[in-house]
Amino acid sequence: MKRLRNIGRLFTGTPEGVVEDSAVILDGEVIAWCGKHGEEPHELLESVIDDHDCAGGLVTAGLIDAHTHPVYAGDRMAEVAMRSAGASYAEVAKAGGGIRATVSATREESVSALETDTARRLWQWLEGGATTVEAKTGYHLEREGELEATRLLARLARRMDLPRIEITFLAAHALPPDRWARLASYAKQVAEWCDDAYLAGARFCDVFCDRGYFSVPQSRSILKAGLKAKLIPRIHADELERTGGSRLAAELHAVSADHLLRANRGDAVALAKAGVVATLAPGTALSIGKLPPVKDLVDAGAVIALGTDHNPGTSGITSMSVVVALAVAVFKLSVERALLAATLGGAYSLSRSDRGVVATHKLADLVLWEAEHEGAFAWAYGLKPRAVWLRGAQVFAS
């Protein structure tokens, strides 16, 4: 066993709140005990062989990134510059940019090179204090490529030096760039791939339901096929236009509806009543110039999770610490609520009850921060971890 002692503030994420002058005892990959320093059970202390002095610092559960697109090749910095000059999402796509540009580059990349680059990216999440990362496919847009991307993520998920990976099958990310492609026929094909995606290692099925992408009926058919294949539904909803993605998420009791930039108060109420988590990405909201109805979601009682939305076109963020700061500044969440969204909310978004809080029997994924109080998240805009424990082992130290 190992003990983290001399913790100045332990942000538990539970009803117990913050415990000052505390300690945590780890037993392998789980938390054996946490509470006030000096109250550790003697039988556990006798088994401690490794003591880590946290020097009065702040400790939280490992952060959870509930929305990322890390499997890609190529560079789209030119279109980032276009958008900064006023080009819209649609105008960038018409100019040959957008998702299709990444699809062309990713299809040309070898599987080994793609796996190496994806692993390198995913390690960066640990530098921002994230120990669980939801990771989507979606940059091949053809059967074998999407399934290989799923298998690639499954292989990376078995590595002990990377964050825990939750795999989402997002073959319905966009219309393929091939001349023959039509949304209706492609949607039917994606629905037929869901069984194989589950066997390849996917846990979730996602659809980009929006104007110019997949319609509500097409998204419904794909997500229902995913459900039959034992894939949990989640959905990119009402990001570019309000097309009904939020209501579809509520109808299907999806685990998460993401982005929600064009959703309204009624949508917020529907999501809350259906138990759908609202997964929000402040970096993308800033990039597009439209904020989701955060207050309506909070007032409705919806659970909020946070994500970097890391992708090659609109968000290069890999630090969930930065996302927490942006959620405070842009979404006007309190630091406490933003941290809960980045931990417990993320766990709900991924339908995981074993993480997101510091409590007995939960996973030993913890972060010691370069701070003595959680308020530093809103001040530092990228607060750095001093140490990260993943599966009970220290995997990062500054």
# chains A, B, ... in the order shown; residues from 1 in each chain; ligands from 1
>>> select_by_dssp(residues="range 51-95 of chain A", states="strand (DSSP E or B)", output="list in words")
Asp51, His52, Asp53, Leu58, Val59, Thr60, Ala61, Leu63, Ile64, Asp65 and Thr68 of chain A
>>> select_by_dssp(residues="range 163-383 of chain A", states="helix (DSSP H, G or I)", output="number ranges by chain")
A: 183-200, 216-228, 245-252, 265-274, 282-288, 294-300, 320-329, 335-341, 344-349, 374-380
>>> closest_residue(among="A:Lys332, A:His310, A:Lys384, A:Arg107", to="Gly128 in chain A", atoms="only C-alpha atoms")
A:Lys384
>>> residues_around(residues="Tyr186 in chain A", least_positions_apart="4", cutoff="9 Å", atoms="only C-alpha atoms", output="MDAnalysis selection string")
chainID A and resid 172 175:176 181:182 190:191
>>> closest_residue(among="A:Cys54, A:Leu306, A:Val19, A:Ala78", to="Leu368 in chain A", atoms="only C-alpha atoms")
A:Cys54
>>> residues_around(residues="Phe169 in chain A", least_positions_apart="6", cutoff="7 Å", atoms="only C-alpha atoms", output="PyMOL selection string")
chain A and resi 136-137+150+197+202+204-206
>>> residues_around(residues="Leu291 in chain A", least_positions_apart="2", cutoff="8 Å", atoms="only C-alpha atoms", output="list in words")
Leu261, Arg262, Pro282, Ala285, Leu286, Gly289, Pro293, Val294 and Phe331 of chain A
>>> residues_around(residues="range 9-16 of chain A", least_positions_apart="6", cutoff="9 Å", atoms="only C-alpha atoms", output="PyMOL selection string")
chain A and resi 22-24+35+56-61+336+339-340+343-344+356-359+372-374
>>> write_last_selection(atoms="N, CA and C atoms", output="compact mmCIF listing (two decimals), in the first residue's frame")
# COMPACT_ATOMS: atom_id res chain seq x y z
N SER A 22 -5.41 16.24 5.16
CA SER A 22 -5.94 14.90 4.92
C SER A 22 -4.89 13.95 4.39
N ALA A 23 -5.33 12.71 4.19
CA ALA A 23 -4.46 11.67 3.64
C ALA A 23 -5.31 10.70 2.84
N VAL A 24 -4.65 9.99 1.93
CA VAL A 24 -5.31 8.95 1.13
C VAL A 24 -4.40 7.73 1.13
N GLY A 35 -9.35 10.49 4.30
CA GLY A 35 -9.93 11.25 5.40
C GLY A 35 -8.90 12.14 6.07
N GLY A 56 1.33 19.91 1.69
CA GLY A 56 0.24 20.87 1.86
C GLY A 56 -0.50 21.23 0.59
N GLY A 57 -0.27 20.45 -0.47
CA GLY A 57 -0.88 20.78 -1.76
C GLY A 57 -2.33 20.32 -1.89
N LEU A 58 -2.92 20.69 -3.02
CA LEU A 58 -4.30 20.33 -3.38
C LEU A 58 -4.30 19.00 -4.13
N VAL A 59 -5.19 18.08 -3.72
CA VAL A 59 -5.35 16.80 -4.41
C VAL A 59 -6.80 16.66 -4.87
N THR A 60 -6.98 16.21 -6.10
CA THR A 60 -8.31 15.93 -6.65
C THR A 60 -8.30 14.55 -7.30
N ALA A 61 -9.47 14.08 -7.63
CA ALA A 61 -9.55 12.91 -8.50
C ALA A 61 -8.95 13.28 -9.86
N GLU A 336 -15.85 25.22 -8.08
CA GLU A 336 -16.31 23.94 -7.56
C GLU A 336 -17.15 23.20 -8.60
N LEU A 339 -14.97 21.99 -11.53
CA LEU A 339 -14.17 20.82 -11.16
C LEU A 339 -15.03 19.57 -11.08
N LEU A 340 -16.23 19.71 -10.55
CA LEU A 340 -17.15 18.57 -10.52
C LEU A 340 -17.50 18.11 -11.93
N THR A 343 -14.76 16.03 -13.37
CA THR A 343 -14.45 14.77 -12.67
C THR A 343 -15.71 13.90 -12.61
N LEU A 344 -16.59 14.19 -11.66
CA LEU A 344 -17.80 13.37 -11.50
C LEU A 344 -18.72 13.48 -12.71
N GLY A 356 -13.91 9.55 -10.75
CA GLY A 356 -14.46 10.91 -10.71
C GLY A 356 -14.59 11.50 -9.32
N VAL A 357 -14.36 10.70 -8.29
CA VAL A 357 -14.40 11.17 -6.91
C VAL A 357 -13.27 10.51 -6.14
N VAL A 358 -12.94 11.11 -5.00
CA VAL A 358 -11.95 10.52 -4.09
C VAL A 358 -12.73 9.90 -2.94
N ALA A 359 -12.87 8.59 -2.97
CA ALA A 359 -13.64 7.88 -1.97
C ALA A 359 -13.18 6.44 -1.91
N GLU A 372 -2.40 25.22 -3.54
CA GLU A 372 -2.90 24.84 -2.22
C GLU A 372 -4.41 25.00 -2.12
N HIS A 373 -5.04 25.55 -3.17
CA HIS A 373 -6.48 25.77 -3.15
C HIS A 373 -7.01 25.63 -4.58
N GLU A 374 -8.24 25.08 -4.71
CA GLU A 374 -8.83 24.87 -6.03
C GLU A 374 -9.09 26.16 -6.79
